[in-house]
Amino acid sequence: MKSDLYKNSRDVFIDTVNTEDYIELDRVSGIFESIKISITKPLKMILLYGKPGTGKSMFLLKLLNSLKSSQTVYLYATPILDESEFFKTLAQDLYGIKFNGELNFTQFMKVVESKDIGDAAVPLLLLDEAQLYSTAQMEMIRLLSDTRKVKFIIALHKTEKEDLIAKEHFQTRIWESIKLENASISELKIYIQKKLMKANCLDTASMFSTKSIKLVHKLTNGNYRDTNKLLYTLFDIYLYYVQNNPGKISGSDISSKIIEMSAIHTGLINA
Amino acid sequence: MLNVNDLEIRYKKYKRKSFLPYLTLFLGLSAVSLSLFYTFSYYNTYHSDTNCSIHIETPAPEKKEQVDENKTKDEVVVVKEKILKLSPSLDFIDKMQSQTNMNYNSETAAQYKSPSKPVEKKIEVKEPKADIKIKREHEYDDIRHVIKRFEVNHSPALSLFIAKRYYNLGVYDKAYNYALITNEIDNNIEESWIIFAKSLIKLNKRDTAIKILTQYVNHSQSSQAKMLLDEIISGKFR
């Protein structure tokens, strides 16, 4: 049934952060492998930055799943903005110590200094949406990394903390800065088709011609989040037409008209 | 909440807006081209006369004419004609001939009567706005050429081509005939059935067209034919 096909294709593009939905692209795979190697080195922090929708959260989640079997690694997908809560969570996760009252930075640093990790791998903390942390918290994170008893991979939108990161004392602690970018046209084509084929939607995967991919790329600039939103709406419209007005969807390729209608609905086209 | 009907309206507005700059540009370029064309035509018509007179009066080769004044007037005319062939205007020679006709005796004028007639007409027409009708006789030549080829090999692709060309030229009875021939050779060509039905509509045979198209749609499940049938029934296609 065509309606089932379009429904399944639509649901493929629900915008969630789930490693089962992770699509491997050559360029990002290369970055992933390079980070896995860098982590084994005596670094303090790695900076991962890029515009919203370039796959930073998905990347961190993938990294977590890949490393958790071999070393201590924690992902803080949502920033803990309260300082005391932040350090209490760190103490719990890293050292299994539960604090009932308040815990400030100084007290936490004493705990860290007292711990000897020996030959074990240095624990790794993955901080997503780090642009939401206050400047003071970022400075504390820097000082924590100086102890060499915790490593950090910090993911942020560069615009927010650009000034802080650019400061020399922060820069010298950053082992590596990695930028995640939007997909190119060919990468976007692979992304869309792989996502659909993973869900056994082979018919709809083959509907995407180079022309339609180029139009999608033009509208979304290759941004994964915008692409997901656009294609979800696209297949929603296809589902509507197949149920109510099948004459409007003829031909074997994705209609440029329906792509543009989806873009109008999602706000990518201002109309 | 997805409201597809509203989206369709917004899409149409968006498309109209996006075409507007191109339409404006096209209209602007057309207006500029037309005005240049008429200006150039007017300029050409106006200046060709003055050029004639300049060439006659001034250039050095005309001194030779003075030397040759002892020759007959016929010979002078021939010399002038040779000089004037150097002029850039393509109509120049003819226009010169019409000009010089006025200066010669009737004998010399009589020699140039026949070529000058069309030139005189050109000189008289000074209005910049002339209706230009392009006859498409070469289109019919093309069709005749294809018909000859069809008569040799009876290819349905050729008969379909002929049917489509006649349809585009508005010769619906012939379009109908050739679509019918195509269907008889190969009744699986969707385009042929489409032209067949459209020709019948144009020949005011709506009921026949609907009947035949319905049968074809039931047989082939063609979406194109179905769309045409809906348009005929709803009156969109007439």
# chains A, B, ... in the order shown; residues from 1 in each chain; ligands from 1
$ interface_residues --of "chain B" --to "chain A" --cutoff "7 Å" --atoms "only C-alpha atoms" --output "list in words"
Val4, Leu7, Arg10, Tyr11 and Tyr14 of chain B
$ select_by_dssp --residues "range 101-216 of chain A" --states "helix (DSSP H, G or I)" --output "PyMOL selection string"
chain A and resi 105-114+130-132+135-146+158-166+168-171+185-198+202-205+210-216
$ residues_around --residues "range 60-64 of chain A" --least-positions-apart "2" --cutoff "7 Å" --atoms "only C-alpha atoms" --output "list in words"
Thr19, Lys56, Ser57, Met58, Ser66, Leu67, Lys68, Val73, Leu75 and Leu126 of chain A
$ residues_around --residues "range 177-193 of chain B" --least-positions-apart "6" --cutoff "7 Å" --atoms "only C-alpha atoms" --output "list in words"
Pro156, Ser159, Leu160, Ile162 and Ala163 of chain B
$ residues_around --residues "Glu33 in chain A" --least-positions-apart "3" --cutoff "12 Å" --atoms "only C-alpha atoms" --output "MDAnalysis selection string"
chainID A and resid 24 26:30 36:40 59 62:63 66:67
$ residues_around --residues "range 93-108 of chain A" --least-positions-apart "6" --cutoff "8 Å" --atoms "only C-alpha atoms" --output "list in words"
Thr72, Tyr74, Glu83, Ser84, Glu85, Phe87, Pro123 and Met140 of chain A
$ write_last_selection --atoms "C-alpha atoms" --output "short mmCIF file (atom, residue, chain, number, x, y, z; two decimals), in the first residue's frame"
data_model
loop_
_atom_site.label_atom_id
_atom_site.label_comp_id
_atom_site.auth_asym_id
_atom_site.auth_seq_id
_atom_site.Cartn_x
_atom_site.Cartn_y
_atom_site.Cartn_z
CA THR A 72 34.66 5.45 31.91
CA TYR A 74 29.68 10.00 30.60
CA GLU A 83 26.95 24.65 39.93
CA SER A 84 26.30 22.59 43.00
CA GLU A 85 24.18 20.10 41.08
CA PHE A 87 29.61 18.97 40.86
CA PRO A 123 37.50 9.35 32.69
CA MET A 140 35.93 25.67 36.34
#
$ atom_distance --atom1 "CA of Ile185 in chain A" --atom2 "CA of Ala155 in chain A"
24.8 Å
$ residues_around --residues "range 4-8 of chain A" --least-positions-apart "4" --cutoff "9 Å" --atoms "only C-alpha atoms" --output "number ranges by chain"
A: 12, 196, 199-201, 203-204, 235-236, 238-239, 242
$ write_last_selection --atoms "all heavy atoms" --output "mmCIF file, in the first residue's frame"
data_model
loop_
_atom_site.group_PDB
_atom_site.id
_atom_site.type_symbol
_atom_site.label_atom_id
_atom_site.label_comp_id
_atom_site.auth_asym_id
_atom_site.auth_seq_id
_atom_site.Cartn_x
_atom_site.Cartn_y
_atom_site.Cartn_z
ATOM 1 N N VAL A 12 10.688 7.904 9.223
ATOM 2 C CA VAL A 12 12.156 7.800 9.198
ATOM 3 C C VAL A 12 12.789 9.137 9.570
ATOM 4 O O VAL A 12 13.855 9.181 10.184
ATOM 5 C CB VAL A 12 12.618 7.352 7.779
ATOM 6 C CG1 VAL A 12 14.078 7.672 7.525
ATOM 7 C CG2 VAL A 12 12.357 5.864 7.589
ATOM 8 N N LEU A 196 16.376 5.948 4.357
ATOM 9 C CA LEU A 196 15.159 5.289 3.850
ATOM 10 C C LEU A 196 15.408 3.794 3.642
ATOM 11 O O LEU A 196 14.548 2.972 3.959
ATOM 12 C CB LEU A 196 14.722 5.954 2.535
ATOM 13 C CG LEU A 196 14.108 7.338 2.695
ATOM 14 C CD1 LEU A 196 14.022 8.054 1.361
ATOM 15 C CD2 LEU A 196 12.722 7.262 3.317
ATOM 16 N N ALA A 199 15.197 1.654 6.651
ATOM 17 C CA ALA A 199 13.821 1.366 7.062
ATOM 18 C C ALA A 199 13.074 0.585 5.984
ATOM 19 O O ALA A 199 11.842 0.525 5.993
ATOM 20 C CB ALA A 199 13.080 2.675 7.359
ATOM 21 N N ASN A 200 13.822 0.012 5.063
ATOM 22 C CA ASN A 200 13.234 -0.773 3.961
ATOM 23 C C ASN A 200 12.293 0.023 3.071
ATOM 24 O O ASN A 200 11.373 -0.550 2.474
ATOM 25 C CB ASN A 200 12.501 -2.017 4.500
ATOM 26 C CG ASN A 200 13.470 -3.015 5.085
ATOM 27 O OD1 ASN A 200 14.578 -3.189 4.578
ATOM 28 N ND2 ASN A 200 13.089 -3.653 6.162
ATOM 29 N N CYS A 201 12.498 1.302 2.960
ATOM 30 C CA CYS A 201 11.668 2.125 2.067
ATOM 31 C C CYS A 201 12.436 2.316 0.766
ATOM 32 O O CYS A 201 12.855 3.430 0.425
ATOM 33 C CB CYS A 201 11.352 3.470 2.718
ATOM 34 S SG CYS A 201 10.466 3.333 4.258
ATOM 35 N N ASP A 203 11.470 1.978 -2.359
ATOM 36 C CA ASP A 203 10.764 2.696 -3.437
ATOM 37 C C ASP A 203 10.935 4.199 -3.293
ATOM 38 O O ASP A 203 11.220 4.898 -4.266
ATOM 39 C CB ASP A 203 9.262 2.353 -3.423
ATOM 40 C CG ASP A 203 9.019 0.932 -3.889
ATOM 41 O OD1 ASP A 203 9.913 0.377 -4.537
ATOM 42 O OD2 ASP A 203 7.940 0.385 -3.601
ATOM 43 N N THR A 204 10.749 4.686 -2.090
ATOM 44 C CA THR A 204 10.882 6.132 -1.897
ATOM 45 C C THR A 204 12.341 6.557 -1.975
ATOM 46 O O THR A 204 12.631 7.670 -2.398
ATOM 47 C CB THR A 204 10.277 6.588 -0.553
ATOM 48 O OG1 THR A 204 10.705 5.682 0.458
ATOM 49 C CG2 THR A 204 8.765 6.609 -0.620
ATOM 50 N N PHE A 235 6.781 13.818 3.113
ATOM 51 C CA PHE A 235 6.081 12.537 3.072
ATOM 52 C C PHE A 235 4.708 12.623 3.721
ATOM 53 O O PHE A 235 3.809 11.855 3.372
ATOM 54 C CB PHE A 235 6.929 11.425 3.699
ATOM 55 C CG PHE A 235 8.060 10.995 2.807
ATOM 56 C CD1 PHE A 235 9.378 11.204 3.197
ATOM 57 C CD2 PHE A 235 7.817 10.412 1.582
ATOM 58 C CE1 PHE A 235 10.425 10.841 2.360
ATOM 59 C CE2 PHE A 235 8.859 10.043 0.743
ATOM 60 C CZ PHE A 235 10.164 10.251 1.133
ATOM 61 N N ASP A 236 4.555 13.579 4.623
ATOM 62 C CA ASP A 236 3.234 13.821 5.204
ATOM 63 C C ASP A 236 2.277 14.323 4.119
ATOM 64 O O ASP A 236 1.106 13.920 4.055
ATOM 65 C CB ASP A 236 3.363 14.868 6.322
ATOM 66 C CG ASP A 236 2.393 14.596 7.461
ATOM 67 O OD1 ASP A 236 1.790 13.494 7.475
ATOM 68 O OD2 ASP A 236 2.238 15.465 8.339
ATOM 69 N N TYR A 238 2.666 13.777 0.873
ATOM 70 C CA TYR A 238 2.454 12.642 -0.027
ATOM 71 C C TYR A 238 1.385 11.714 0.530
ATOM 72 O O TYR A 238 0.533 11.213 -0.199
ATOM 73 C CB TYR A 238 3.762 11.872 -0.234
ATOM 74 C CG TYR A 238 4.512 12.252 -1.486
ATOM 75 C CD1 TYR A 238 5.534 13.191 -1.452
ATOM 76 C CD2 TYR A 238 4.191 11.695 -2.711
ATOM 77 C CE1 TYR A 238 6.218 13.560 -2.592
ATOM 78 C CE2 TYR A 238 4.869 12.050 -3.871
ATOM 79 C CZ TYR A 238 5.882 12.983 -3.797
ATOM 80 O OH TYR A 238 6.556 13.349 -4.939
ATOM 81 N N LEU A 239 1.430 11.510 1.846
ATOM 82 C CA LEU A 239 0.453 10.634 2.504
ATOM 83 C C LEU A 239 -0.950 11.226 2.352
ATOM 84 O O LEU A 239 -1.916 10.512 2.050
ATOM 85 C CB LEU A 239 0.826 10.495 3.981
ATOM 86 C CG LEU A 239 -0.001 9.526 4.819
ATOM 87 C CD1 LEU A 239 0.092 8.120 4.248
ATOM 88 C CD2 LEU A 239 0.480 9.541 6.262
ATOM 89 N N VAL A 242 -2.102 10.786 -1.298
ATOM 90 C CA VAL A 242 -2.406 9.404 -1.708
ATOM 91 C C VAL A 242 -3.742 8.966 -1.104
ATOM 92 O O VAL A 242 -4.458 8.141 -1.689
ATOM 93 C CB VAL A 242 -1.247 8.456 -1.324
ATOM 94 C CG1 VAL A 242 -1.358 7.942 0.094
ATOM 95 C CG2 VAL A 242 -1.181 7.283 -2.289
#
$ closest_residue --among "A:Ile254, A:Leu156, A:Gly53, A:Gln171" --to "Thr220 in chain A" --atoms "only C-alpha atoms"
A:Gly53
$ atom_distance --atom1 "CA of Ala130 in chain A" --atom2 "CA of Ala77 in chain A"
9.3 Å
